[in-house]
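Next up, target_25.txt (compact mmCIF, C-alpha atoms and all ligand atoms):
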```txt
# COMPACT_ATOMS: atom_id res chain seq x y z
CA MET A 1 24.86 10.63 -2.13
CA ARG A 2 23.31 10.71 -5.60
CA THR A 3 19.85 9.95 -6.97
CA ARG A 4 17.64 10.92 -9.89
CA VAL A 5 14.86 12.75 -8.03
CA GLY A 6 15.57 14.23 -4.59
CA ILE A 7 12.33 14.59 -2.65
CA ILE A 8 12.09 16.79 0.44
CA GLY A 9 9.31 15.73 2.82
CA ALA A 10 7.59 12.43 3.62
CA GLY A 11 4.05 13.79 3.85
CA PRO A 12 1.44 12.39 1.48
CA SER A 13 2.84 14.28 -1.53
CA GLY A 14 6.51 13.31 -1.14
CA LEU A 15 5.65 9.68 -0.41
CA LEU A 16 3.21 9.27 -3.30
CA LEU A 17 5.65 10.91 -5.70
CA SER A 18 8.39 8.52 -4.64
CA HIS A 19 6.03 5.54 -5.02
CA LEU A 20 4.78 6.56 -8.49
CA LEU A 21 8.34 7.13 -9.72
CA HIS A 22 9.32 3.72 -8.40
CA LEU A 23 6.46 2.09 -10.36
CA TRP A 24 7.99 3.60 -13.50
CA GLY A 25 11.54 2.59 -12.63
CA ILE A 26 12.75 6.06 -11.61
CA GLU A 27 14.93 6.17 -8.50
CA SER A 28 14.37 8.76 -5.76
CA VAL A 29 15.47 9.52 -2.21
CA VAL A 30 13.08 11.08 0.34
CA LEU A 31 14.49 13.34 3.06
CA GLU A 32 12.19 13.78 6.08
CA SER A 33 13.10 15.95 9.05
CA ARG A 34 10.84 14.12 11.54
CA GLU A 35 10.89 10.51 12.73
CA ARG A 36 8.61 7.84 11.25
CA ASP A 37 6.30 7.63 14.30
CA HIS A 38 5.66 11.35 14.23
CA VAL A 39 4.92 11.42 10.49
CA GLN A 40 2.45 8.53 10.85
CA ALA A 41 0.59 10.01 13.81
CA ARG A 42 -0.24 13.54 12.59
CA GLN A 43 -4.02 14.10 12.57
CA ARG A 44 -5.03 15.88 9.39
CA ALA A 45 -7.44 15.53 6.50
CA GLY A 46 -10.10 12.86 6.05
CA VAL A 47 -11.92 13.29 2.73
CA VAL A 48 -10.58 11.70 -0.46
CA GLU A 49 -12.08 12.95 -3.74
CA HIS A 50 -13.53 10.51 -6.25
CA GLY A 51 -10.64 10.89 -8.72
CA VAL A 52 -7.97 10.75 -6.01
CA ALA A 53 -9.44 7.49 -4.67
CA ARG A 54 -9.11 6.11 -8.22
CA LEU A 55 -5.53 7.39 -8.44
CA LEU A 56 -4.67 5.59 -5.19
CA ARG A 57 -6.27 2.36 -6.44
CA GLU A 58 -4.41 2.57 -9.76
CA ALA A 59 -1.17 3.00 -7.82
CA GLY A 60 -1.92 -0.21 -5.88
CA LEU A 61 -2.75 1.69 -2.68
CA GLY A 62 -6.51 1.24 -2.55
CA GLU A 63 -6.85 -2.08 -0.78
CA ARG A 64 -7.09 -0.91 2.85
CA MET A 65 -8.92 2.29 1.83
CA ASP A 66 -11.62 0.20 0.16
CA ARG A 67 -11.81 -2.31 3.01
CA GLU A 68 -11.67 0.00 6.02
CA GLY A 69 -12.75 3.42 4.68
CA THR A 70 -16.32 4.31 3.72
CA THR A 71 -17.95 5.80 0.65
CA HIS A 72 -20.02 8.91 1.33
CA HIS A 73 -22.77 9.85 -1.09
CA GLY A 74 -23.44 13.29 0.33
CA ILE A 75 -22.97 15.86 3.06
CA GLU A 76 -25.46 17.67 5.24
CA LEU A 77 -25.62 21.44 5.56
CA ARG A 78 -27.27 22.79 8.71
CA PHE A 79 -28.44 26.36 9.25
CA SER A 80 -31.32 28.12 11.02
CA GLY A 81 -32.12 24.90 12.89
CA ARG A 82 -32.83 22.99 9.65
CA SER A 83 -30.88 20.66 7.46
CA HIS A 84 -30.25 20.24 3.72
CA ARG A 85 -28.63 17.14 2.26
CA VAL A 86 -26.43 17.49 -0.83
CA ASP A 87 -26.78 14.21 -2.73
CA PHE A 88 -23.53 13.75 -4.67
CA PRO A 89 -24.36 10.89 -7.08
CA GLY A 90 -27.77 12.41 -7.88
CA LEU A 91 -26.23 15.81 -8.63
CA CYS A 92 -22.95 14.96 -10.31
CA GLY A 93 -22.54 11.17 -10.52
CA ARG A 94 -19.58 10.98 -8.13
CA ASP A 95 -18.92 10.33 -4.43
CA VAL A 96 -16.05 10.68 -1.94
CA ARG A 97 -14.16 8.26 0.27
CA ILE A 98 -13.69 8.94 3.99
CA TRP A 99 -10.19 7.71 4.69
CA ALA A 100 -7.77 9.49 6.98
CA GLN A 101 -4.53 11.04 5.75
CA THR A 102 -2.70 9.27 8.59
CA GLU A 103 -3.74 5.91 7.10
CA ILE A 104 -2.66 6.93 3.58
CA VAL A 105 0.72 7.94 4.97
CA LYS A 106 1.09 4.66 6.93
CA ASP A 107 0.36 2.62 3.80
CA LEU A 108 2.76 4.69 1.68
CA VAL A 109 5.63 4.44 4.17
CA ALA A 110 5.14 0.67 4.52
CA ARG A 111 4.96 0.22 0.77
CA ARG A 112 8.05 2.33 0.00
CA LEU A 113 10.10 0.48 2.60
CA ALA A 114 8.87 -2.94 1.40
CA ASP A 115 9.87 -1.96 -2.15
CA GLY A 116 13.37 -1.04 -0.97
CA GLY A 117 12.69 2.71 -1.24
CA GLN A 118 14.96 5.14 0.52
CA ILE A 119 13.21 7.35 3.08
CA LEU A 120 15.73 9.03 5.35
CA PHE A 121 13.84 9.94 8.53
CA GLY A 122 15.46 12.51 10.82
CA ALA A 123 17.10 14.13 7.77
CA ARG A 124 16.42 17.88 7.67
CA ALA A 125 17.05 19.63 4.35
CA THR A 126 18.80 22.95 4.94
CA ALA A 127 19.37 24.29 1.40
CA VAL A 128 18.59 23.57 -2.25
CA GLU A 129 21.39 24.73 -4.53
CA ASP A 130 22.16 25.09 -8.24
CA ILE A 131 18.54 24.69 -9.32
CA GLU A 132 19.24 26.47 -12.60
CA SER A 133 21.85 23.84 -13.50
CA ASP A 134 21.17 20.22 -14.49
CA ARG A 135 22.81 19.01 -11.24
CA PRO A 136 20.79 20.53 -8.38
CA ARG A 137 21.77 19.54 -4.83
CA VAL A 138 20.04 19.35 -1.49
CA ARG A 139 22.05 19.91 1.66
CA PHE A 140 20.72 18.13 4.71
CA VAL A 141 21.59 17.42 8.32
CA ARG A 142 21.14 13.95 9.79
CA GLY A 143 22.34 13.34 13.33
CA GLN A 144 25.62 15.20 13.70
CA SER A 145 26.59 15.12 10.03
CA GLU A 146 25.87 17.47 7.16
CA GLN A 147 25.43 15.67 3.84
CA VAL A 148 24.66 16.48 0.22
CA LEU A 149 22.13 14.78 -2.05
CA GLU A 150 22.95 15.31 -5.72
CA CYS A 151 20.06 14.88 -8.14
CA ASP A 152 18.71 15.48 -11.63
CA TYR A 153 15.57 17.10 -10.19
CA VAL A 154 14.42 18.27 -6.76
CA ALA A 155 10.78 17.98 -5.64
CA ALA A 156 9.97 20.14 -2.62
CA CYS A 157 7.09 18.35 -0.89
CA ASP A 158 8.02 19.85 2.46
CA GLY A 159 4.80 21.57 3.44
CA PHE A 160 4.06 25.21 4.17
CA HIS A 161 6.99 25.72 6.56
CA GLY A 162 9.59 23.85 4.50
CA ILE A 163 12.63 25.25 2.74
CA GLY A 164 11.65 24.36 -0.84
CA ARG A 165 9.53 27.40 -1.53
CA ARG A 166 12.10 29.70 0.08
CA SER A 167 14.76 28.32 -2.28
CA LEU A 168 13.07 29.85 -5.33
CA PRO A 169 14.65 33.16 -6.38
CA PRO A 170 12.33 35.84 -4.91
CA GLU A 171 12.26 37.80 -8.17
CA ALA A 172 10.96 34.72 -10.03
CA VAL A 173 7.85 34.12 -7.89
CA SER A 174 4.63 35.81 -6.80
CA THR A 175 2.66 34.80 -3.74
CA PHE A 176 -1.01 35.30 -2.91
CA ASP A 177 -2.03 35.12 0.73
CA ARG A 178 -5.12 35.48 2.91
CA LEU A 179 -5.26 34.68 6.61
CA HIS A 180 -8.82 34.42 7.88
CA PRO A 181 -9.67 36.08 11.21
CA PHE A 182 -10.73 32.76 12.77
CA SER A 183 -9.33 29.25 13.31
CA TRP A 184 -10.66 25.76 13.96
CA LEU A 185 -10.42 23.93 17.22
CA GLY A 186 -10.15 20.29 16.06
CA VAL A 187 -10.90 17.40 18.43
CA LEU A 188 -10.63 13.66 18.14
CA ALA A 189 -13.04 11.69 20.35
CA ASP A 190 -13.51 8.04 21.25
CA VAL A 191 -17.19 7.95 20.41
CA ALA A 192 -19.26 6.60 17.52
CA PRO A 193 -20.16 9.34 15.01
CA SER A 194 -23.61 10.87 15.59
CA CYS A 195 -24.27 11.07 11.84
CA GLU A 196 -23.68 8.87 8.81
CA GLU A 197 -22.41 11.70 6.62
CA LEU A 198 -20.38 14.82 7.36
CA VAL A 199 -22.35 17.70 8.85
CA TYR A 200 -21.31 21.29 8.06
CA ALA A 201 -23.20 23.69 10.34
CA ARG A 202 -23.55 27.46 10.10
CA HIS A 203 -24.65 29.03 13.40
CA GLU A 204 -24.64 32.52 14.93
CA ARG A 205 -22.09 31.26 17.49
CA GLY A 206 -19.80 30.06 14.69
CA PHE A 207 -19.21 27.16 12.31
CA ALA A 208 -19.13 23.51 13.42
CA LEU A 209 -18.20 20.34 11.51
CA HIS A 210 -18.85 16.71 12.38
CA SER A 211 -16.55 14.26 10.61
CA MET A 212 -15.37 10.77 11.52
CA ARG A 213 -12.40 8.41 11.46
CA SER A 214 -14.12 5.05 12.07
CA SER A 215 -17.28 3.55 13.57
CA ARG A 216 -15.80 4.28 17.01
CA VAL A 217 -13.85 7.53 16.49
CA SER A 218 -15.29 10.97 15.66
CA ARG A 219 -13.45 14.04 14.38
CA LEU A 220 -15.10 17.38 15.12
CA TYR A 221 -14.26 21.03 14.59
CA LEU A 222 -15.43 24.38 16.01
CA GLN A 223 -14.79 27.87 14.67
CA VAL A 224 -12.85 29.81 17.34
CA PRO A 225 -10.90 33.10 17.48
CA ASN A 226 -7.30 32.98 16.20
CA ASP A 227 -5.71 33.47 19.62
CA THR A 228 -7.60 30.54 21.23
CA ASP A 229 -5.76 28.35 23.73
CA PRO A 230 -7.08 24.78 23.18
CA ASP A 231 -6.40 24.03 26.87
CA ALA A 232 -8.97 26.67 27.82
CA TRP A 233 -11.62 24.44 26.27
CA THR A 234 -12.73 21.72 28.70
CA GLN A 235 -14.31 18.56 27.28
CA GLU A 236 -17.71 19.68 28.53
CA ARG A 237 -17.39 23.09 26.88
CA VAL A 238 -16.42 21.52 23.55
CA TRP A 239 -19.38 19.14 23.59
CA ASP A 240 -21.88 21.81 24.71
CA GLU A 241 -20.75 24.15 21.97
CA LEU A 242 -20.86 21.46 19.28
CA ALA A 243 -24.35 20.39 20.39
CA GLU A 244 -25.66 23.95 20.29
CA ARG A 245 -24.19 24.83 16.90
CA MET A 246 -25.30 21.61 15.19
CA ALA A 247 -28.75 21.31 16.78
CA VAL A 248 -31.68 20.28 14.57
CA PRO A 249 -34.96 18.79 15.83
CA GLY A 250 -34.79 15.08 16.64
CA TRP A 251 -30.99 14.81 16.50
CA GLU A 252 -28.68 14.15 19.40
CA LEU A 253 -24.92 14.50 19.62
CA ARG A 254 -23.16 11.51 21.21
CA ARG A 255 -20.41 12.49 23.64
CA GLY A 256 -17.25 10.61 24.61
CA PRO A 257 -13.70 11.15 25.83
CA ILE A 258 -11.72 13.68 23.77
CA THR A 259 -8.26 12.24 23.07
CA ALA A 260 -6.64 15.11 21.13
CA LYS A 261 -7.18 18.85 20.62
CA SER A 262 -5.43 21.26 18.26
CA LEU A 263 -5.82 24.71 16.72
CA ILE A 264 -5.88 24.91 12.91
CA PRO A 265 -5.33 28.29 11.24
CA MET A 266 -7.46 29.13 8.21
CA ARG A 267 -5.20 30.33 5.46
CA SER A 268 -5.31 30.63 1.69
CA PHE A 269 -1.91 30.80 -0.01
CA VAL A 270 -0.56 30.24 -3.54
CA THR A 271 2.94 30.47 -5.03
CA GLU A 272 3.28 31.14 -8.75
CA PRO A 273 4.91 29.55 -10.63
CA MET A 274 5.28 26.21 -8.85
CA SER A 275 8.68 25.52 -10.36
CA HIS A 276 11.94 27.18 -11.29
CA GLY A 277 14.84 25.52 -13.07
CA ARG A 278 14.98 21.97 -11.75
CA LEU A 279 13.13 22.65 -8.49
CA TYR A 280 9.44 21.70 -8.43
CA LEU A 281 7.03 22.47 -5.57
CA ALA A 282 4.09 20.20 -4.76
CA GLY A 283 1.32 20.15 -2.15
CA ASP A 284 1.36 22.47 0.86
CA ALA A 285 4.85 23.68 -0.10
CA ALA A 286 3.20 25.52 -2.99
CA HIS A 287 -0.32 26.29 -1.74
CA ILE A 288 -2.65 25.91 1.19
CA VAL A 289 -6.40 26.20 1.47
CA PRO A 290 -8.69 26.60 4.48
CA PRO A 291 -9.94 23.06 5.28
CA THR A 292 -13.66 23.86 4.85
CA GLY A 293 -13.63 22.49 1.29
CA ALA A 294 -11.59 19.37 2.26
CA LYS A 295 -9.16 20.08 -0.58
CA GLY A 296 -5.62 20.28 0.94
CA LEU A 297 -4.74 16.59 0.75
CA ASN A 298 -6.49 16.14 -2.60
CA LEU A 299 -4.61 19.01 -4.23
CA ALA A 300 -1.32 17.66 -2.90
CA LEU A 301 -1.95 14.24 -4.45
CA HIS A 302 -3.10 15.74 -7.77
CA ASP A 303 0.11 17.79 -7.93
CA VAL A 304 2.40 14.82 -7.53
CA ALA A 305 0.46 12.66 -10.00
CA LEU A 306 1.06 15.41 -12.55
CA LEU A 307 4.69 15.88 -11.59
CA ALA A 308 5.35 12.13 -11.72
CA ARG A 309 3.91 12.00 -15.25
CA GLY A 310 6.17 14.89 -16.28
CA LEU A 311 9.24 13.15 -14.88
CA ARG A 312 8.26 9.90 -16.57
CA ALA A 313 7.95 11.69 -19.94
CA TRP A 314 11.46 13.05 -19.44
CA TYR A 315 13.11 9.83 -18.29
CA THR A 316 11.43 7.50 -20.76
CA ARG A 317 11.09 9.70 -23.87
CA ARG A 318 13.28 12.75 -23.17
CA GLU A 319 10.12 14.84 -23.62
CA THR A 320 10.22 18.15 -21.73
CA GLY A 321 6.68 19.39 -22.55
CA PRO A 322 4.81 17.83 -19.60
CA LEU A 323 7.38 19.09 -17.04
CA GLU A 324 7.29 22.55 -18.59
CA ALA A 325 3.49 22.54 -18.38
CA TYR A 326 3.45 21.27 -14.76
CA SER A 327 3.06 24.63 -13.01
CA ASP A 328 0.37 26.05 -15.31
CA THR A 329 -1.62 22.82 -15.31
CA ALA A 330 -1.43 22.38 -11.52
CA LEU A 331 -2.31 26.03 -10.87
CA ARG A 332 -5.59 25.77 -12.77
CA ARG A 333 -6.81 23.15 -10.30
CA VAL A 334 -5.26 25.01 -7.36
CA TRP A 335 -7.19 28.21 -8.11
CA ARG A 336 -10.43 26.30 -8.64
CA ALA A 337 -9.91 24.71 -5.21
CA GLN A 338 -8.95 28.07 -3.71
CA HIS A 339 -12.18 29.56 -4.93
CA PHE A 340 -14.29 26.67 -3.66
CA SER A 341 -12.54 26.58 -0.26
CA HIS A 342 -12.89 30.34 0.14
CA TRP A 343 -16.54 30.19 -0.88
CA MET A 344 -17.35 27.37 1.60
CA THR A 345 -15.41 29.22 4.31
CA THR A 346 -17.18 32.55 3.90
CA LEU A 347 -20.56 30.85 3.46
CA LEU A 348 -20.38 28.93 6.73
CA HIS A 349 -18.27 30.92 9.21
CA THR A 350 -19.46 33.77 11.36
CA HIS A 351 -17.70 36.90 10.20
CA GLY A 352 -18.57 40.41 9.15
CA ASP A 353 -21.73 42.20 10.19
CA ALA A 354 -25.48 41.56 10.15
CA PHE A 355 -25.60 42.28 6.42
CA ASP A 356 -23.06 39.51 5.75
CA HIS A 357 -25.08 37.12 7.91
CA ARG A 358 -28.22 37.81 5.92
CA LEU A 359 -26.29 37.17 2.69
CA GLN A 360 -25.05 33.82 4.06
CA LEU A 361 -28.57 32.75 4.96
CA ALA A 362 -29.93 33.87 1.59
CA HIS A 363 -27.26 31.79 -0.14
CA LEU A 364 -27.92 28.75 2.04
CA GLU A 365 -31.65 29.02 1.32
CA PHE A 366 -30.79 29.14 -2.38
CA LEU A 367 -28.60 26.03 -2.06
CA ALA A 368 -31.45 24.22 -0.34
CA SER A 369 -33.96 25.14 -3.04
CA SER A 370 -31.94 25.11 -6.27
CA ARG A 371 -30.67 21.92 -7.84
CA ALA A 372 -28.20 23.90 -9.95
CA ALA A 373 -26.72 25.58 -6.84
CA SER A 374 -26.40 22.25 -5.00
CA ALA A 375 -24.88 20.63 -8.09
CA GLN A 376 -22.12 23.23 -8.09
CA LEU A 377 -21.24 22.35 -4.52
CA ALA A 378 -21.35 18.60 -5.27
CA GLU A 379 -19.12 18.93 -8.36
CA ASN A 380 -16.48 20.89 -6.51
CA TYR A 381 -16.58 18.82 -3.33
CA THR A 382 -16.21 15.47 -5.06
CA GLY A 383 -13.48 16.88 -7.34
CA LEU A 384 -13.64 18.25 -10.84
CA PRO A 385 -12.24 15.65 -13.24
CA HIS A 386 -11.47 18.01 -16.11
CA VAL A 387 -9.61 20.81 -14.28
P1 LIG B 1 2.80 17.85 4.68
O1 LIG B 1 1.80 16.81 5.06
O2 LIG B 1 2.89 19.08 5.51
O3 LIG B 1 4.21 17.14 4.63
C1 LIG B 1 5.42 17.86 4.52
C2 LIG B 1 6.52 17.03 5.12
O4 LIG B 1 7.77 17.71 4.94
C3 LIG B 1 8.53 17.59 6.13
N1 LIG B 1 9.51 18.69 6.14
C4 LIG B 1 10.82 18.53 5.90
N2 LIG B 1 11.56 17.44 5.65
C5 LIG B 1 12.89 17.60 5.44
N3 LIG B 1 13.52 18.80 5.50
C6 LIG B 1 12.82 19.92 5.75
N4 LIG B 1 13.43 21.11 5.80
C7 LIG B 1 11.41 19.82 5.97
N5 LIG B 1 10.41 20.71 6.24
C8 LIG B 1 9.28 20.01 6.34
C9 LIG B 1 7.48 17.65 7.23
O5 LIG B 1 7.96 17.10 8.45
C10 LIG B 1 6.37 16.83 6.61
O6 LIG B 1 6.50 15.45 6.91
O7 LIG B 1 2.57 18.35 3.17
P2 LIG B 1 1.98 17.55 1.88
O8 LIG B 1 2.65 16.22 1.72
O9 LIG B 1 2.04 18.53 0.78
O10 LIG B 1 0.48 17.21 2.23
C11 LIG B 1 -0.48 18.22 2.34
C12 LIG B 1 -1.50 17.85 3.42
O11 LIG B 1 -0.85 17.39 4.59
C13 LIG B 1 -2.36 19.06 3.76
O12 LIG B 1 -2.79 19.73 2.58
C14 LIG B 1 -3.61 18.75 4.55
O13 LIG B 1 -3.42 17.87 5.60
C15 LIG B 1 -4.14 20.09 5.07
N6 LIG B 1 -4.88 19.95 6.29
C16 LIG B 1 -6.14 19.53 6.20
N7 LIG B 1 -6.70 19.34 4.97
C17 LIG B 1 -7.94 18.93 4.87
O14 LIG B 1 -8.41 18.75 3.74
N8 LIG B 1 -8.68 18.68 6.01
C18 LIG B 1 -8.16 18.84 7.28
O15 LIG B 1 -8.82 18.60 8.26
C19 LIG B 1 -6.86 19.28 7.41
N9 LIG B 1 -6.31 19.45 8.63
C20 LIG B 1 -4.28 20.18 7.56
C21 LIG B 1 -5.02 19.90 8.72
C22 LIG B 1 -2.99 20.70 7.69
C23 LIG B 1 -2.41 20.95 8.94
N10 LIG B 1 -1.11 21.57 9.01
C24 LIG B 1 -0.17 21.40 7.92
C25 LIG B 1 -0.82 22.65 9.86
C26 LIG B 1 -4.45 20.09 9.98
C27 LIG B 1 -3.15 20.62 10.11
C28 LIG B 1 -2.58 20.77 11.50
C1 LIG B 2 -11.75 15.73 8.48
O1 LIG B 2 -12.32 14.64 8.51
O2 LIG B 2 -10.73 15.97 9.16
C2 LIG B 2 -12.29 16.83 7.63
C3 LIG B 2 -13.37 16.56 6.81
C4 LIG B 2 -13.88 17.58 6.01
C5 LIG B 2 -13.31 18.83 6.04
C6 LIG B 2 -12.22 19.09 6.86
C7 LIG B 2 -11.70 18.08 7.66
O3 LIG B 2 -13.83 19.82 5.27
```

Starting from the file, give its structure as structure tokens.
Amino acid sequence: MRTRVGIIGAGPSGLLLSHLLHLWGIESVVLESRERDHVQARQRAGVVEHGVARLLREAGLGERMDREGTTHHGIELRFSGRSHRVDFPGLCGRDVRIWAQTEIVKDLVARRLADGGQILFGARATAVEDIESDRPRVRFVRGQSEQVLECDYVAACDGFHGIGRRSLPPEAVSTFDRLHPFSWLGVLADVAPSCEELVYARHERGFALHSMRSSRVSRLYLQVPNDTDPDAWTQERVWDELAERMAVPGWELRRGPITAKSLIPMRSFVTEPMSHGRLYLAGDAAHIVPPTGAKGLNLALHDVALLARGLRAWYTRRETGPLEAYSDTALRRVWRAQHFSHWMTTLLHTHGDAFDHRLQLAHLEFLASSRAASAQLAENYTGLPHV
């Protein structure tokens, strides 16, 4: 099998890359180890930055996001039993869209298939070879047969556990890693959200986050120890803990049946550079951030927009500059997001000793009283256009 761009992974990054290339007349094949139903059902991110929402619209993928998603003009920070609203448009002139990653993936799969795109579900890539030549190849297994996809370029969009990153020569890459000593217990509940905007709460018992998926479905998270067994958390215990950590006077948490529970590790990770020869990494394959800053999905989509532009410059004008600049350009945004995600994580989670807790509270008080401090949060959360 032969194509121009071989893409490993049908998560948001692989699918958007394939779609953007198609819009510019560049053929690709997507290899995805899981089946379509599984890919479309995974519960993950929910916040789409201002610029990423525009990118999706420009790519013809904004229609359902604009009809069914909602625009959020701020978030609420809660600490010491009080609340501080960060007003995005007032502080930085931008907003965010609440639109689940699962929905973005559903739209992308439907659109690629309607456009005659090739997504091979159940096709697990096992090796990427000859990346230093101009004919790289991806070996993959589908059913009982082993096959080879020959390409001009390979894009590894296969997430943190994929094979793309491991196919870079070890001597050519550096990695930066930090695993936080706590995780999130994420739950999905059939109940109307108890707030109009996302609530990020810092509490002595640990962090809590209230997000949403629709007017009838809430998405909530609790900071828990790394070795937590989600089954040890009964529905009642989850709700009691959320209510206690998010409590402010006059506010009540609505409860309803919890339909899904999972444990989410909090990790920061970066690979440098994000390319070698004709193999390019994008999204979680190259970097992951703790979800407190809501950046994982956004970074992934920024990466592939950049990579698609580089490939277009090559195929339409034989220009190599944009592809050569891909890694450096992407990494500037990645490190900005790493810093913001790390900062939000250490600001809001219980960790360290009493001294650290006092520092957190001092910083939260500063955020609540300083426009400049709040503006920094708003700029980073809604997405920096110039990075
Ligand atoms: P994805 O979404 O992980 O997609 C990678 C795809 O590659 C496939 N794959 C392979 N296919 C073929 N051959 C192989 N050898 C393969 N190995 C893997 C996988 O099956 C998969 O379909 O990466 P992508 O596209 O880069 O997108 C990144 C985002 O998914 C990610 O950054 C965010 O979802 C991160 N994240 C969250 N971000 C937030 O901002 N807020 C969240 O609440 C949030 N929750 C999460 C998350 C990531 C999670 N993972 C990856 C553990 C919750 C979870 C559970
Ligand atoms: C989500 O809706 O899943 C979500 C929102 C904001 C975050 C993390 C996750 O920071």

Under the rule that only C-alpha atoms and all ligand atoms are counted, which of A:Ala156, A:Ile26, A:Leu61, A:Val270 is the nearest residue to ligand LIG 1 (chain B)? A:Ala156

With all atoms listed in the file as the basis for distance, which of A:Ile163, A:Leu91, A:Leu384, A:Leu348 is at the shortest distance from ligand LIG 2 (chain B)?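 Checking each candidate against ligand LIG 2 (chain B), we get A:Leu348 as the closest.
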
Residues within 8 Å of ligand LIG 1 (chain B), counting all atoms listed in the file: report them as JSON, numbers by chain. {"A": [8, 9, 10, 11, 12, 13, 14, 15, 31, 32, 33, 34, 39, 42, 43, 44, 45, 46, 47, 101, 122, 123, 124, 125, 126, 140, 157, 158, 159, 160, 161, 162, 163, 164, 262, 263, 264, 265, 282, 283, 284, 285, 288, 289, 290, 291, 292, 293, 294, 295, 296, 297, 298, 299, 300, 301]}

Just-selected residues, C-alpha atoms written as a short mmCIF file (atom, residue, chain, number, x, y, z; two decimals), in the frame of the given file:
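As written to disk, out.cif reads:
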```cif
data_model
loop_
_atom_site.label_atom_id
_atom_site.label_comp_id
_atom_site.auth_asym_id
_atom_site.auth_seq_id
_atom_site.Cartn_x
_atom_site.Cartn_y
_atom_site.Cartn_z
CA ILE A 8 12.09 16.79 0.44
CA GLY A 9 9.31 15.73 2.82
CA ALA A 10 7.59 12.43 3.62
CA GLY A 11 4.05 13.79 3.85
CA PRO A 12 1.44 12.39 1.48
CA SER A 13 2.84 14.28 -1.53
CA GLY A 14 6.51 13.31 -1.14
CA LEU A 15 5.65 9.68 -0.41
CA LEU A 31 14.49 13.34 3.06
CA GLU A 32 12.19 13.78 6.08
CA SER A 33 13.10 15.95 9.05
CA ARG A 34 10.84 14.12 11.54
CA VAL A 39 4.92 11.42 10.49
CA ARG A 42 -0.24 13.54 12.59
CA GLN A 43 -4.02 14.10 12.57
CA ARG A 44 -5.03 15.88 9.39
CA ALA A 45 -7.44 15.53 6.50
CA GLY A 46 -10.10 12.86 6.05
CA VAL A 47 -11.92 13.29 2.73
CA GLN A 101 -4.53 11.04 5.75
CA GLY A 122 15.46 12.51 10.82
CA ALA A 123 17.10 14.13 7.77
CA ARG A 124 16.42 17.88 7.67
CA ALA A 125 17.05 19.63 4.35
CA THR A 126 18.80 22.95 4.94
CA PHE A 140 20.72 18.13 4.71
CA CYS A 157 7.09 18.35 -0.89
CA ASP A 158 8.02 19.85 2.46
CA GLY A 159 4.80 21.57 3.44
CA PHE A 160 4.06 25.21 4.17
CA HIS A 161 6.99 25.72 6.56
CA GLY A 162 9.59 23.85 4.50
CA ILE A 163 12.63 25.25 2.74
CA GLY A 164 11.65 24.36 -0.84
CA SER A 262 -5.43 21.26 18.26
CA LEU A 263 -5.82 24.71 16.72
CA ILE A 264 -5.88 24.91 12.91
CA PRO A 265 -5.33 28.29 11.24
CA ALA A 282 4.09 20.20 -4.76
CA GLY A 283 1.32 20.15 -2.15
CA ASP A 284 1.36 22.47 0.86
CA ALA A 285 4.85 23.68 -0.10
CA ILE A 288 -2.65 25.91 1.19
CA VAL A 289 -6.40 26.20 1.47
CA PRO A 290 -8.69 26.60 4.48
CA PRO A 291 -9.94 23.06 5.28
CA THR A 292 -13.66 23.86 4.85
CA GLY A 293 -13.63 22.49 1.29
CA ALA A 294 -11.59 19.37 2.26
CA LYS A 295 -9.16 20.08 -0.58
CA GLY A 296 -5.62 20.28 0.94
CA LEU A 297 -4.74 16.59 0.75
CA ASN A 298 -6.49 16.14 -2.60
CA LEU A 299 -4.61 19.01 -4.23
CA ALA A 300 -1.32 17.66 -2.90
CA LEU A 301 -1.95 14.24 -4.45
#
```

Do a neighbour search on Pro170 (chain A) at 12 Å with all atoms listed in the file, toss out local chain neighbours closer than 6 positions, and write the hits as a list in words.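 Everything that qualifies: Thr271, Glu272, Pro273 and His276 of chain A.
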
Contact residues around Val48 (chain A) with only C-alpha atoms at 7 Å, ignoring same-chain residues under 3 positions, as a ChimeraX atom specification: /A:52-53,96-99,298

Return the single residue from A:Lys106, A:Arg216, A:Arg64, A:Arg78 that is closest to Asp37 (chain A), with distances computed using all atoms listed in the file.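 Among A:Lys106, A:Arg216, A:Arg64, A:Arg78, it is A:Lys106 that comes nearest to Asp37 (chain A).
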
Contact residues around Val191 (chain A) with only C-alpha atoms at 6 Å, ignoring same-chain residues under 2 positions, as a PyMOL selection string: chain A and resi 189+216-218+256

If you measure from CA of Arg219 (chain A) to atom C1 of ligand LIG 2 (chain B), what distance in Å do you get, rounded to one decimal?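 Between CA of Arg219 (chain A) and atom C1 of ligand LIG 2 (chain B) the gap is 6.4 Å.
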
Between A:Leu108, A:Leu307, A:Leu220, A:Leu77, single out the one closest to Ala260 (chain A), counting all atoms listed in the file.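 Under the stated criterion, the closest residue is A:Leu220.
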
Could you tell me which of A:Ala100, A:Leu359, A:Ala330, A:Leu281 comes closest to His302 (chain A) if we count all atoms listed in the file?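 Closest residue, counting all atoms listed in the file: A:Ala330.
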
Separation of CA of Phe176 (chain A) from CA of Thr329 (chain A), in Å and rounded to one decimal: 17.6 Å

Give me, please, the distance in Å between CA of Asp134 (chain A) and CA of Arg278 (chain A), quoted to one decimal.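 Computing the Euclidean distance for CA of Asp134 (chain A) and CA of Arg278 (chain A) yields 7.0 Å.
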